[in-house]
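Okay, work.cif is below, mmCIF, C-alpha atoms:
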data_structure
loop_
_atom_site.label_atom_id
_atom_site.label_comp_id
_atom_site.auth_asym_id
_atom_site.auth_seq_id
_atom_site.Cartn_x
_atom_site.Cartn_y
_atom_site.Cartn_z
CA MET A 1 22.97 -1.27 4.59
CA LYS A 2 23.74 1.63 2.31
CA LEU A 3 20.98 4.03 1.36
CA SER A 4 20.01 4.04 -2.30
CA LYS A 5 18.67 7.09 -4.07
CA GLN A 6 15.13 5.79 -3.65
CA THR A 7 15.47 5.01 0.05
CA THR A 8 14.12 7.91 2.09
CA TRP A 9 15.44 8.86 5.51
CA VAL A 10 12.24 7.80 7.21
CA GLU A 11 12.16 4.47 5.40
CA TYR A 12 15.66 3.62 6.51
CA GLN A 13 14.61 3.59 10.15
CA SER A 14 12.45 0.54 9.44
CA MET A 15 14.94 -1.17 7.12
CA GLU A 16 18.07 -1.30 9.26
CA ALA A 17 17.60 -5.02 9.92
CA VAL A 18 16.84 -5.92 6.28
CA SER A 19 19.55 -6.77 3.76
CA PHE A 20 19.44 -9.08 0.77
CA THR A 21 22.99 -8.46 -0.41
CA PRO A 22 24.94 -11.72 -0.90
CA GLY A 23 27.77 -11.98 1.59
CA GLU A 24 26.22 -9.64 4.13
CA SER A 25 22.59 -10.73 4.23
CA GLN A 26 21.06 -10.40 7.67
CA THR A 27 17.70 -11.98 8.35
CA ASN A 28 14.93 -9.71 9.57
CA PRO A 29 13.70 -10.99 12.98
CA ASP A 30 10.04 -10.35 12.19
CA PHE A 31 10.31 -12.32 8.95
CA LEU A 32 12.21 -15.11 10.71
CA SER A 33 9.54 -15.36 13.40
CA ALA A 34 6.80 -15.49 10.75
CA ILE A 35 8.66 -18.21 8.82
CA VAL A 36 8.96 -20.38 11.94
CA ARG A 37 5.25 -19.98 12.67
CA ALA A 38 4.42 -20.87 9.07
CA GLY A 39 6.64 -23.95 9.37
CA GLU A 40 4.35 -25.26 12.10
CA ILE A 41 1.52 -25.44 9.57
CA TYR A 42 3.17 -25.98 6.18
CA THR A 43 6.26 -27.83 5.02
CA ILE A 44 9.05 -25.28 4.69
CA VAL A 45 12.52 -26.74 4.23
CA ALA A 46 16.02 -25.59 3.32
CA SER A 47 16.48 -25.81 -0.45
CA GLN A 48 20.26 -25.59 0.04
CA ASP A 49 22.69 -25.52 2.92
CA ILE A 50 22.36 -22.31 4.92
CA VAL A 51 25.84 -20.97 5.69
CA ASP A 52 27.14 -17.81 7.28
CA VAL A 53 29.64 -15.43 5.68
CA ARG A 54 32.56 -17.47 7.06
CA GLY A 55 31.28 -20.63 5.43
CA LEU A 56 30.00 -22.23 8.65
CA LYS A 57 27.00 -24.46 7.94
CA LEU A 58 24.07 -23.41 10.09
CA TRP A 59 21.37 -25.65 8.60
CA ALA A 60 21.50 -28.55 6.16
CA LYS A 61 19.60 -28.83 2.91
CA GLY A 62 16.28 -30.63 3.36
CA LEU A 63 15.84 -29.82 7.05
CA PRO A 64 12.54 -28.13 7.99
CA VAL A 65 12.59 -24.72 9.64
CA SER A 66 12.24 -24.67 13.40
CA THR A 67 12.90 -22.56 16.47
CA VAL A 68 16.42 -24.02 16.54
CA LEU A 69 17.10 -22.46 13.14
CA GLN A 70 15.64 -19.21 14.42
CA GLN A 71 18.10 -19.16 17.33
CA ARG A 72 21.06 -19.94 15.06
CA LEU A 73 20.28 -17.20 12.58
CA LEU A 74 19.73 -14.30 14.94
CA GLU A 75 22.43 -11.67 14.47
CA ARG A 76 24.26 -13.85 11.93
CA LYS A 77 25.18 -12.59 8.49
CA LEU A 78 24.54 -15.16 5.77
CA ARG A 79 26.34 -15.91 2.55
CA TYR A 80 22.99 -15.91 0.74
CA PRO A 81 19.65 -14.39 1.76
CA LEU A 82 17.58 -16.79 3.84
CA GLU A 83 14.64 -16.29 1.46
CA ALA A 84 16.69 -17.82 -1.36
CA CYS A 85 17.66 -20.80 0.81
CA LEU A 86 14.15 -21.96 1.76
CA MET A 87 11.19 -23.34 -0.13
CA ALA A 88 7.57 -24.06 0.73
CA GLU A 89 6.53 -27.52 -0.46
CA ASP A 90 2.84 -26.78 0.06
CA GLY A 91 0.69 -23.82 1.07
CA VAL A 92 0.27 -21.28 -1.73
CA THR A 93 0.65 -23.28 -4.92
CA PRO A 94 -0.62 -22.44 -8.44
CA PHE A 95 -3.51 -24.83 -7.81
CA PHE A 96 -4.34 -23.06 -4.53
CA LEU A 97 -4.32 -19.66 -6.25
CA MET A 98 -6.65 -20.90 -8.98
CA GLU A 99 -9.07 -22.21 -6.37
CA GLN A 100 -8.95 -18.90 -4.51
CA LEU A 101 -9.51 -16.88 -7.68
CA GLN A 102 -12.48 -19.01 -8.74
CA SER A 103 -13.95 -18.84 -5.23
CA PHE A 104 -13.64 -15.05 -5.21
CA LEU A 105 -15.23 -14.62 -8.65
CA GLU A 106 -18.20 -16.72 -7.55
CA ARG A 107 -18.93 -14.48 -4.56
CA ASP A 108 -22.01 -12.31 -4.31
CA HIS A 109 -19.92 -9.15 -4.12
CA SER A 110 -20.03 -6.29 -6.59
CA MET A 111 -16.27 -6.43 -7.23
CA ALA A 112 -16.50 -10.13 -8.04
CA GLN A 113 -19.56 -9.53 -10.22
CA ALA A 114 -17.77 -6.77 -12.14
CA LEU A 115 -14.79 -9.01 -12.83
CA ARG A 116 -16.78 -12.16 -13.62
CA PRO A 117 -17.07 -11.47 -17.37
CA SER A 118 -13.26 -11.57 -17.49
CA ALA A 119 -13.07 -14.82 -15.48
CA ALA A 120 -11.89 -17.01 -18.34
CA LEU A 121 -9.17 -14.55 -19.30
CA LEU A 122 -8.04 -14.10 -15.69
CA GLU A 123 -7.84 -17.87 -15.22
CA LYS A 124 -5.93 -18.28 -18.48
CA HIS A 125 -3.32 -15.72 -17.46
CA LEU A 126 -3.05 -17.11 -13.93
CA LYS A 127 -2.02 -20.48 -15.40
CA GLN A 128 0.85 -18.70 -17.15
CA ILE A 129 2.09 -16.69 -14.17
CA PRO A 130 5.52 -17.90 -12.99
CA LEU A 131 5.41 -18.44 -9.25
CA HIS A 132 9.02 -18.12 -8.13
CA SER A 133 10.00 -20.15 -5.06
CA VAL A 134 10.72 -16.96 -3.06
CA ALA A 135 7.30 -15.55 -3.95
CA GLN A 136 5.67 -18.84 -2.99
CA LEU A 137 7.57 -18.85 0.31
CA LEU A 138 6.42 -15.32 1.21
CA LEU A 139 2.82 -15.99 0.17
CA THR A 140 2.74 -19.22 2.17
CA THR A 141 4.10 -17.37 5.19
CA ALA A 142 1.31 -14.82 4.81
CA LEU A 143 -1.26 -17.63 4.48
CA ALA A 144 -0.10 -19.10 7.77
CA THR A 145 0.25 -15.89 9.73
CA ARG A 146 -2.21 -13.47 8.12
CA PRO A 147 -4.82 -15.36 6.03
CA GLY A 148 -6.68 -12.13 5.30
CA GLY A 149 -3.58 -10.88 3.54
CA ILE A 150 -3.74 -13.74 1.03
CA ALA A 151 -7.42 -13.07 0.33
CA HIS A 152 -6.49 -9.43 -0.30
CA ALA A 153 -3.62 -10.49 -2.59
CA VAL A 154 -5.86 -12.72 -4.72
CA ARG A 155 -8.51 -10.01 -5.04
CA ALA A 156 -5.84 -7.45 -5.93
CA MET A 157 -4.46 -9.86 -8.53
CA ALA A 158 -7.87 -10.09 -10.17
CA MET A 159 -8.56 -6.34 -9.96
CA ALA A 160 -5.15 -5.36 -11.37
CA GLY A 161 -5.67 -7.78 -14.24
CA GLY A 162 -9.16 -6.42 -14.81
CA MET A 163 -7.88 -2.83 -14.88
CA ALA A 164 -5.12 -3.69 -17.35
CA HIS A 165 -7.58 -5.50 -19.59
CA ALA A 166 -10.28 -2.82 -19.39
CA GLN A 167 -7.86 -0.11 -20.38
CA SER A 168 -6.24 -2.06 -23.21
CA SER A 169 -3.18 -0.39 -21.71
CA PRO A 170 0.47 -0.97 -22.56
CA VAL A 171 0.73 -2.80 -19.22
CA ASP A 172 0.76 -6.55 -19.74
CA MET A 173 -2.26 -8.11 -18.05
CA ARG A 174 -0.28 -11.06 -16.73
CA LEU A 175 2.35 -8.74 -15.23
CA ALA A 176 -0.39 -6.62 -13.64
CA MET A 177 -1.89 -9.75 -12.06
CA LEU A 178 1.48 -10.83 -10.68
CA GLY A 179 2.01 -7.33 -9.27
CA GLY A 180 -1.38 -7.42 -7.59
CA LEU A 181 -0.60 -10.81 -6.08
CA LEU A 182 2.80 -9.81 -4.69
CA HIS A 183 2.37 -6.12 -3.87
CA ASP A 184 2.16 -6.59 -0.09
CA ILE A 185 4.76 -9.34 0.49
CA GLY A 186 7.01 -6.78 2.18
CA GLU A 187 4.58 -6.76 5.12
CA ALA A 188 6.25 -9.97 6.36
CA TYR A 189 9.10 -7.73 7.54
CA ILE A 190 6.90 -5.36 9.54
CA GLN A 191 6.30 -5.81 13.25
CA PRO A 192 2.92 -7.56 13.71
CA GLN A 193 1.44 -4.85 15.93
CA TYR A 194 1.45 -2.45 12.97
CA LEU A 195 -0.51 -4.79 10.69
CA ASP A 196 -4.28 -5.17 10.42
CA ASP A 197 -4.98 -2.32 12.83
CA GLU A 198 -8.46 -0.94 12.24
CA GLN A 199 -7.44 2.44 13.66
CA PRO A 200 -5.08 4.80 11.77
CA LEU A 201 -1.46 4.15 12.65
CA ASP A 202 0.38 6.64 14.79
CA LEU A 203 3.54 8.30 13.51
CA LEU A 204 5.85 5.48 14.61
CA GLY A 205 3.60 2.80 13.18
CA HIS A 206 3.37 4.60 9.87
CA GLN A 207 7.16 4.92 9.73
CA HIS A 208 7.39 1.15 9.93
CA MET A 209 4.63 0.55 7.37
CA MET A 210 6.21 2.98 4.91
CA ALA A 211 9.07 0.54 4.39
CA HIS A 212 7.10 -2.45 3.10
CA PRO A 213 6.86 -1.47 -0.61
CA ARG A 214 10.58 -0.81 -0.84
CA ILE A 215 11.48 -3.98 1.08
CA ALA A 216 9.40 -6.02 -1.37
CA GLN A 217 11.10 -4.31 -4.31
CA LEU A 218 14.58 -5.04 -2.94
CA LEU A 219 13.67 -8.62 -2.04
CA LEU A 220 12.28 -9.51 -5.47
CA ARG A 221 15.10 -7.77 -7.30
CA ALA A 222 17.79 -9.56 -5.27
CA THR A 223 16.32 -13.07 -5.03
CA THR A 224 14.14 -13.66 -8.12
CA ASP A 225 14.36 -13.39 -11.88
CA TYR A 226 11.22 -11.27 -12.13
CA PRO A 227 11.55 -8.28 -14.48
CA THR A 228 12.75 -4.97 -13.09
CA THR A 229 9.45 -3.43 -14.25
CA LEU A 230 7.55 -5.61 -11.80
CA CYS A 231 9.93 -5.05 -8.89
CA ARG A 232 9.82 -1.30 -9.41
CA ALA A 233 6.02 -1.19 -9.63
CA ILE A 234 5.61 -3.13 -6.39
CA GLY A 235 7.80 -0.51 -4.74
CA GLU A 236 5.41 2.16 -6.08
CA HIS A 237 2.03 0.74 -5.10
CA HIS A 238 1.45 3.40 -2.41
CA GLU A 239 2.70 6.34 -4.50
CA ARG A 240 0.39 9.10 -5.82
CA LEU A 241 0.79 11.35 -8.85
CA ASN A 242 0.81 14.50 -6.70
CA GLY A 243 3.63 13.28 -4.45
CA SER A 244 1.44 12.50 -1.44
CA GLY A 245 2.24 8.78 -1.49
CA TYR A 246 5.08 6.78 0.02
CA PRO A 247 7.81 5.64 0.48
CA ALA A 248 9.61 7.86 -2.08
CA ARG A 249 6.92 10.57 -2.56
CA LEU A 250 7.25 10.21 -6.32
CA VAL A 251 5.52 12.71 -8.63
CA GLY A 252 3.95 12.32 -12.08
CA ASP A 253 5.95 10.38 -14.66
CA ALA A 254 8.39 9.21 -11.99
CA ILE A 255 5.78 6.51 -11.27
CA SER A 256 5.69 3.67 -13.78
CA PRO A 257 2.48 2.70 -15.65
CA LEU A 258 2.36 -0.61 -13.80
CA GLY A 259 2.98 1.20 -10.51
CA LEU A 260 -0.05 3.41 -11.19
CA ILE A 261 -2.25 0.38 -11.83
CA LEU A 262 -1.11 -1.20 -8.57
CA ALA A 263 -1.68 2.08 -6.69
CA ALA A 264 -5.22 2.36 -8.08
CA THR A 265 -5.79 -1.32 -7.30
CA GLU A 266 -4.60 -0.90 -3.70
CA THR A 267 -7.01 2.02 -3.16
CA THR A 268 -9.88 0.12 -4.74
CA MET A 269 -9.33 -3.07 -2.76
CA GLY A 270 -8.95 -1.05 0.43
CA LEU A 271 -12.72 -0.45 0.19
CA PHE A 272 -13.64 -4.10 -0.38
CA ASN A 273 -15.24 -4.41 3.05
CA ALA A 274 -17.15 -1.12 2.88
CA PRO A 275 -20.73 -1.44 4.17
CA SER A 276 -22.22 -0.54 0.79
CA ALA A 277 -21.31 0.22 -2.83
CA PRO A 278 -17.56 -0.47 -2.57
CA LEU A 279 -16.86 0.15 -6.27
CA THR A 280 -18.73 3.46 -6.22
CA ARG A 281 -16.76 4.46 -3.15
CA ALA A 282 -13.49 3.45 -4.82
CA SER A 283 -14.33 5.36 -7.99
CA PHE A 284 -14.95 8.46 -5.88
CA ALA A 285 -11.77 7.96 -3.84
CA LEU A 286 -9.73 7.77 -7.05
CA ARG A 287 -11.10 11.05 -8.43
CA VAL A 288 -12.08 13.26 -5.49
CA VAL A 289 -8.70 15.01 -5.18
CA PRO A 290 -7.24 16.36 -8.44
CA ASP A 291 -4.03 14.77 -9.71
CA GLU A 292 -3.77 11.86 -7.27
CA PHE A 293 -4.57 9.12 -9.81
CA PRO A 294 -4.99 8.98 -13.59
CA SER A 295 -8.65 9.61 -14.42
CA ARG A 296 -8.78 6.49 -16.59
CA TYR A 297 -8.69 4.26 -13.51
CA SER A 298 -11.54 5.99 -11.73
CA SER A 299 -13.46 5.59 -15.00
CA VAL A 300 -12.68 1.87 -15.11
CA VAL A 301 -13.89 1.40 -11.54
CA PHE A 302 -16.97 3.58 -12.18
CA ASN A 303 -17.87 1.39 -15.17
CA MET A 304 -17.37 -1.70 -13.03
CA ALA A 305 -19.82 -0.29 -10.50
CA ARG A 306 -22.39 0.23 -13.25
CA ALA A 307 -21.81 -3.24 -14.66
CA ALA A 308 -22.35 -4.73 -11.21
CA ASN A 309 -25.49 -2.60 -10.79
CA GLU A 310 -24.31 -1.19 -7.48
CA GLN A 311 -26.98 0.69 -5.57
CA VAL A 312 -26.10 3.55 -3.26
CA PRO A 313 -27.88 3.66 0.12
CA ALA A 314 -31.03 5.80 0.07
CA ASN A 315 -31.06 6.84 3.73
CA VAL A 316 -27.83 8.86 4.01
CA PRO A 317 -28.51 12.12 5.88
CA PRO A 318 -27.17 15.35 4.34
CA PRO A 319 -23.64 15.74 5.78
CA ALA A 320 -23.43 19.48 5.07
CA ASP A 321 -22.40 20.39 8.64
CA ALA A 322 -19.45 17.98 8.58
CA LEU A 323 -18.31 19.31 5.22
CA GLN A 324 -18.55 22.89 6.44
CA GLN A 325 -16.36 21.93 9.38
CA ILE A 326 -13.80 20.46 6.97
CA ASN A 327 -13.88 23.67 4.94
CA ALA A 328 -13.32 25.74 8.07
CA THR A 329 -10.37 23.52 8.97
CA LEU A 330 -8.88 23.97 5.49
CA GLN A 331 -9.31 27.76 5.65
CA GLN A 332 -7.68 28.00 9.07
CA ALA A 333 -4.77 25.73 8.07
CA GLN A 334 -4.28 27.75 4.89
CA GLN A 335 -4.14 31.04 6.81
CA THR A 336 -1.70 29.57 9.30
CA ALA A 337 0.59 28.21 6.59
CA GLN A 338 0.52 31.50 4.70
CA SER A 339 1.53 33.36 7.85
CA LEU A 340 4.56 31.08 8.11
CA LEU A 341 5.58 31.53 4.48
CA THR A 342 8.76 33.51 4.81
CA ALA A 343 12.20 33.57 3.29
CA ALA A 344 13.66 32.99 6.74
CA GLY A 345 14.59 29.54 7.92
CA SER A 346 16.02 26.47 6.26
CA VAL A 347 15.17 25.17 2.81
CA GLU A 348 13.50 22.16 4.44
CA ARG A 349 11.27 24.39 6.58
CA ARG A 350 10.11 26.39 3.57
CA ALA A 351 9.50 23.19 1.62
CA ILE A 352 7.15 21.87 4.30
CA VAL A 353 5.16 25.11 4.41
CA ASN A 354 4.90 25.17 0.61
CA LEU A 355 3.86 21.52 0.56
CA ALA A 356 1.09 22.22 3.06
CA LEU A 357 -0.17 25.22 1.10
CA ASN A 358 -0.16 23.32 -2.19
CA ARG A 359 -1.94 20.29 -0.76
CA ILE A 360 -4.51 22.40 1.11
CA ASP A 361 -5.25 24.24 -2.13
CA ARG A 362 -5.95 20.92 -3.89
CA LEU A 363 -8.20 19.79 -1.05
CA ARG A 364 -10.15 23.03 -1.23
CA MET A 365 -10.56 22.47 -4.98
CA ALA A 366 -11.95 19.03 -4.19
CA TRP A 367 -14.34 20.54 -1.64
CA ASN A 368 -15.52 23.23 -4.08
CA SER A 369 -16.02 20.78 -6.94
CA LEU A 370 -18.70 18.72 -5.23
CA GLY A 371 -21.29 20.50 -7.33
CA VAL A 372 -24.13 20.37 -4.79
CA TRP A 373 -23.61 23.67 -2.99
CA GLY A 374 -26.61 25.97 -3.18
CA LEU A 375 -29.12 23.13 -3.35
CA GLN A 376 -31.67 22.76 -0.62
CA ALA A 377 -31.67 19.54 1.39
CA ASP A 378 -34.89 18.39 -0.29
CA GLN A 379 -33.30 18.92 -3.72
CA LEU A 380 -30.44 16.51 -3.04
CA THR A 381 -30.76 13.07 -4.59
CA ALA A 382 -29.64 9.90 -2.80
CA GLN A 383 -26.55 9.96 -5.04
CA ASP A 384 -25.82 13.58 -4.00
CA ARG A 385 -26.07 12.78 -0.30
CA PHE A 386 -23.96 9.66 -0.70
CA GLU A 387 -21.22 11.53 -2.57
CA MET A 388 -21.23 14.29 0.03
CA ALA A 389 -20.75 11.67 2.75
CA LEU A 390 -17.94 10.07 0.74
CA ALA A 391 -16.34 13.49 0.28
CA GLY A 392 -16.35 13.99 4.03
CA ASP A 393 -14.68 10.62 4.61
CA GLU A 394 -12.06 11.12 1.90
CA LEU A 395 -11.20 14.72 2.80
CA ARG A 396 -10.83 13.83 6.47
CA ARG A 397 -8.48 11.04 5.43
CA ARG A 398 -6.41 13.42 3.28
CA LEU A 399 -6.21 15.95 6.11
CA TYR A 400 -4.91 13.24 8.42
CA GLU A 401 -2.39 12.08 5.79
CA LEU A 402 -1.17 15.63 5.18
CA GLN A 403 -0.81 16.23 8.90
CA ARG A 404 1.22 13.02 9.24
CA GLU A 405 3.38 13.84 6.21
CA CYS A 406 4.24 17.31 7.53
CA MET A 407 5.13 15.88 10.92
CA LEU A 408 7.36 13.21 9.38
CA LEU A 409 9.17 15.73 7.19
CA ALA A 410 9.60 18.03 10.17
CA GLU A 411 11.62 15.33 11.93
CA LYS A 412 14.59 16.60 9.90
CA LEU A 413 14.29 20.16 11.26
CA VAL A 414 16.02 21.62 14.27
CA GLU A 415 13.72 21.82 17.27
CA ALA A 416 13.19 25.59 16.98
CA GLU A 417 11.96 25.37 13.37
CA LYS A 418 9.79 22.38 14.18
CA THR A 419 8.11 24.37 16.93
CA GLN A 420 7.59 27.33 14.58
CA ILE A 421 5.62 25.35 12.01
CA ALA A 422 3.85 22.98 14.41
CA PRO A 423 0.64 25.12 14.18
CA ILE A 424 0.21 23.86 10.60
CA TRP A 425 -0.42 20.25 11.59
CA ALA A 426 -2.23 21.33 14.73
CA ASP A 427 -4.75 23.15 12.47
CA LEU A 428 -5.18 20.12 10.19
CA LYS A 429 -7.10 18.18 12.85
CA VAL A 430 -10.81 17.78 12.14
#
Whole structure given in structure tokens:
Amino acid sequence: MKLSKQTTWVEYQSMEAVSFTPGESQTNPDFLSAIVRAGEIYTIVASQDIVDVRGLKLWAKGLPVSTVLQQRLLERKLRYPLEACLMAEDGVTPFFLMEQLQSFLERDHSMAQALRPSAALLEKHLKQIPLHSVAQLLLTTALATRPGGIAHAVRAMAMAGGMAHAQSSPVDMRLAMLGGLLHDIGEAYIQPQYLDDEQPLDLLGHQHMMAHPRIAQLLLRATTDYPTTLCRAIGEHHERLNGSGYPARLVGDAISPLGLILAATETTMGLFNAPSAPLTRASFALRVVPDEFPSRYSSVVFNMARAANEQVPANVPPPADALQQINATLQQAQQTAQSLLTAAGSVERRAIVNLALNRIDRLRMAWNSLGVWGLQADQLTAQDRFEMALAGDELRRRLYELQRECMLLAEKLVEAEKTQIAPIWADLKV
């Protein structure tokens, strides 16, 4: 598979076994395994003859998927992508999605409560969303193998639609909903051990996960008639305005308006299972670090929290010590990076040092902007203490992400240069 301009070096490592190009399509083994497992629960059949590049028929139209098909397809290049040759006759249907949306909106959860006033509009647009057979196949596979992923997709569909509607933005609400529904379908091509892990992924695991937005983009572009705008945005749903996202580390206007909505939606829905005030937490996560997300989306989520009457916990202890530790970590990492800022070395080495300095500076701005420094503990309100605790969580997460990003970028350096700048990510540990 040839690298495109948007395919990063680190992403390619996880995409070697994925190709949707007619005439040289090779089925990803993780996807093939997931399809076979899904076929044990739902009716998944060949919608056309499956043939290899030489024209040899491997599977006849109408036959259900099975382990025999799995054995025949391994290491075989197909004339057409397997995804375009299969269809799910049940599983995730438009009727199923409507049931799931209605069930979610009826829940006693602040996100559902915030979106409930838009229920009729969300349901109206859902009825008009075209569910392509490839999209239905991937969603049904997720339903069979990772049911929590489908629940997340339906919630993201509703939230993306709600954000588009609340903003009266140029992004079409129906397109935003479809993007929310499909944003994670690329996860079917990721090895299962890297999915649904409650602990942060290690470097290798993250390298694999970084590929899923781009895989989904390539899949939808090659096998469906969905608009390029949608395919592109799904590839951008983990990007950030300041370049700290993945897989392409896009900056500013390089991210599409729909991509920004999906990125804000992904961050918001990532806090769905928070122990308290998930919308308040999401609003804070979207605005705590300058220039990560457009401010309009943190405002939308903040207003949703107010509409749902979210209450912050009253018994959060002042986390000043933890925040001071984070500040000390930032200061030390900044000093270390500055000491390594030299004209010597490769362009890539200097770029990593400059990246670290720039990102640390933004994190220190976030730390300084909390607005509660100088107050005595008894002067802090419950909201102050809660936001300080959230700041600690979010800044620790950003430190970890920066450390991981520097380490990934350093993979391109010669060993001597990697050793020289290793103190930067060593200092980023909290």
Might you pull out every residue within 7 Å of region 214-221 of chain A, with all atoms listed in the file counted and same-chain residues fewer than 2 positions away left off, and present them as a list of chain:residue names?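 Result of the neighbour search: A:Phe20, A:Ile185, A:Gly186, A:Ala211, A:His212, A:Thr223, A:Thr224, A:Tyr226, A:Thr228, A:Cys231, A:Arg232, A:Ile234, A:Gly235.
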So that I can see what lies close to region 85-94 of chain A, please list as a VMD selection string the residues with an atom at most 9 Å from it, counting only C-alpha atoms and leaving out residues fewer than 4 positions away in the same chain. chain A and resid 39 41 to 50 61 64 to 65 80 to 81 98 to 99 126 to 127 129 to 131 133 to 134 136 to 141 143 to 144 150
Which residues, named as in the file, does the PyMOL selection byres ((chain A and resi 350) around 12) pick out? Answer as a ChimeraX atom specification. /A:337-349,351-357,406,409-410,413,417-418,420-421
Compare A:His183, A:His132, A:Arg72, A:Lys57 by their minimum atom-to-atom distance to Leu32 (chain A), counting only C-alpha atoms, and give me the closest one. A:Arg72
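Restricting the calculation to all atoms listed in the file, the smallest distance between Leu279 (chain A) and any of A:Val300, A:Ala263, A:Ile255, A:Leu73 is found for A:Val300.
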Residues near Asp196 (chain A), cut-off 12 Å, only C-alpha atoms, skip fewer than 4 positions along chain, as an MDAnalysis selection string: chainID A and resid 145:149 152 187 190:192 200:201 205 209 270
Quick one, how far is CA of Ala142 (chain A) from CA of Ser103 (chain A)? 18.7 Å
Interatomic distance, CA of Gln71 (chain A) to CA of Pro22 (chain A) (Å, one decimal): 20.8 Å
Length of the CA of Gly161 (chain A) to CA of Thr280 (chain A) vector [Å]: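 Taking CA of Gly161 (chain A) as the start and CA of Thr280 (chain A) as the end point, the length is 19.0 Å.
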Would you pick out the contacts of Gln332 (chain A) at 12 Å or less, using all atoms listed in the file, so that residues sharing its chain but fewer than 2 positions from it are not included, and give the list as JSON, numbers by chain? {"A": [325, 326, 327, 328, 329, 330, 334, 335, 336, 337, 338, 339, 357, 360, 364, 423, 424, 425, 426, 427, 428, 429, 430]}
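For the residues A:Ile261, A:Leu241, A:Arg404, A:Val288, ranking by smallest atom-to-atom distance to Ala164 (chain A) using all atoms listed in the file places A:Ile261 first.
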Return as a PDB file with C-alpha atoms, keeping the file's coordinate frame the set of residues that the PyMOL selection byres ((chain A and resi 297) around 12) yields on the displayed structure.
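So result.pdb came out as:
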ATOM      1  CA  MET A 159      -8.560  -6.340  -9.960  1.00  0.00           C
ATOM      2  CA  ALA A 160      -5.150  -5.360 -11.370  1.00  0.00           C
ATOM      3  CA  GLY A 162      -9.160  -6.420 -14.810  1.00  0.00           C
ATOM      4  CA  MET A 163      -7.880  -2.830 -14.880  1.00  0.00           C
ATOM      5  CA  ALA A 164      -5.120  -3.690 -17.350  1.00  0.00           C
ATOM      6  CA  HIS A 165      -7.580  -5.500 -19.590  1.00  0.00           C
ATOM      7  CA  ALA A 166     -10.280  -2.820 -19.390  1.00  0.00           C
ATOM      8  CA  GLN A 167      -7.860  -0.110 -20.380  1.00  0.00           C
ATOM      9  CA  SER A 168      -6.240  -2.060 -23.210  1.00  0.00           C
ATOM     10  CA  SER A 169      -3.180  -0.390 -21.710  1.00  0.00           C
ATOM     11  CA  PRO A 257       2.480   2.700 -15.650  1.00  0.00           C
ATOM     12  CA  LEU A 260      -0.050   3.410 -11.190  1.00  0.00           C
ATOM     13  CA  ILE A 261      -2.250   0.380 -11.830  1.00  0.00           C
ATOM     14  CA  LEU A 262      -1.110  -1.200  -8.570  1.00  0.00           C
ATOM     15  CA  ALA A 263      -1.680   2.080  -6.690  1.00  0.00           C
ATOM     16  CA  ALA A 264      -5.220   2.360  -8.080  1.00  0.00           C
ATOM     17  CA  THR A 265      -5.790  -1.320  -7.300  1.00  0.00           C
ATOM     18  CA  GLU A 266      -4.600  -0.900  -3.700  1.00  0.00           C
ATOM     19  CA  THR A 267      -7.010   2.020  -3.160  1.00  0.00           C
ATOM     20  CA  THR A 268      -9.880   0.120  -4.740  1.00  0.00           C
ATOM     21  CA  LEU A 279     -16.860   0.150  -6.270  1.00  0.00           C
ATOM     22  CA  ALA A 282     -13.490   3.450  -4.820  1.00  0.00           C
ATOM     23  CA  SER A 283     -14.330   5.360  -7.990  1.00  0.00           C
ATOM     24  CA  PHE A 284     -14.950   8.460  -5.880  1.00  0.00           C
ATOM     25  CA  ALA A 285     -11.770   7.960  -3.840  1.00  0.00           C
ATOM     26  CA  LEU A 286      -9.730   7.770  -7.050  1.00  0.00           C
ATOM     27  CA  ARG A 287     -11.100  11.050  -8.430  1.00  0.00           C
ATOM     28  CA  GLU A 292      -3.770  11.860  -7.270  1.00  0.00           C
ATOM     29  CA  PHE A 293      -4.570   9.120  -9.810  1.00  0.00           C
ATOM     30  CA  PRO A 294      -4.990   8.980 -13.590  1.00  0.00           C
ATOM     31  CA  SER A 295      -8.650   9.610 -14.420  1.00  0.00           C
ATOM     32  CA  ARG A 296      -8.780   6.490 -16.590  1.00  0.00           C
ATOM     33  CA  SER A 298     -11.540   5.990 -11.730  1.00  0.00           C
ATOM     34  CA  SER A 299     -13.460   5.590 -15.000  1.00  0.00           C
ATOM     35  CA  VAL A 300     -12.680   1.870 -15.110  1.00  0.00           C
ATOM     36  CA  VAL A 301     -13.890   1.400 -11.540  1.00  0.00           C
ATOM     37  CA  PHE A 302     -16.970   3.580 -12.180  1.00  0.00           C
ATOM     38  CA  ASN A 303     -17.870   1.390 -15.170  1.00  0.00           C
ATOM     39  CA  MET A 304     -17.370  -1.700 -13.030  1.00  0.00           C
TER      40      MET A 304
END
If the PyMOL selection byres ((chain A and resi 120) around 12) is run on the structure shown, which residues does it catch, given as a ChimeraX atom specification? /A:98,101-102,105,115-119,121-127,158,161-162
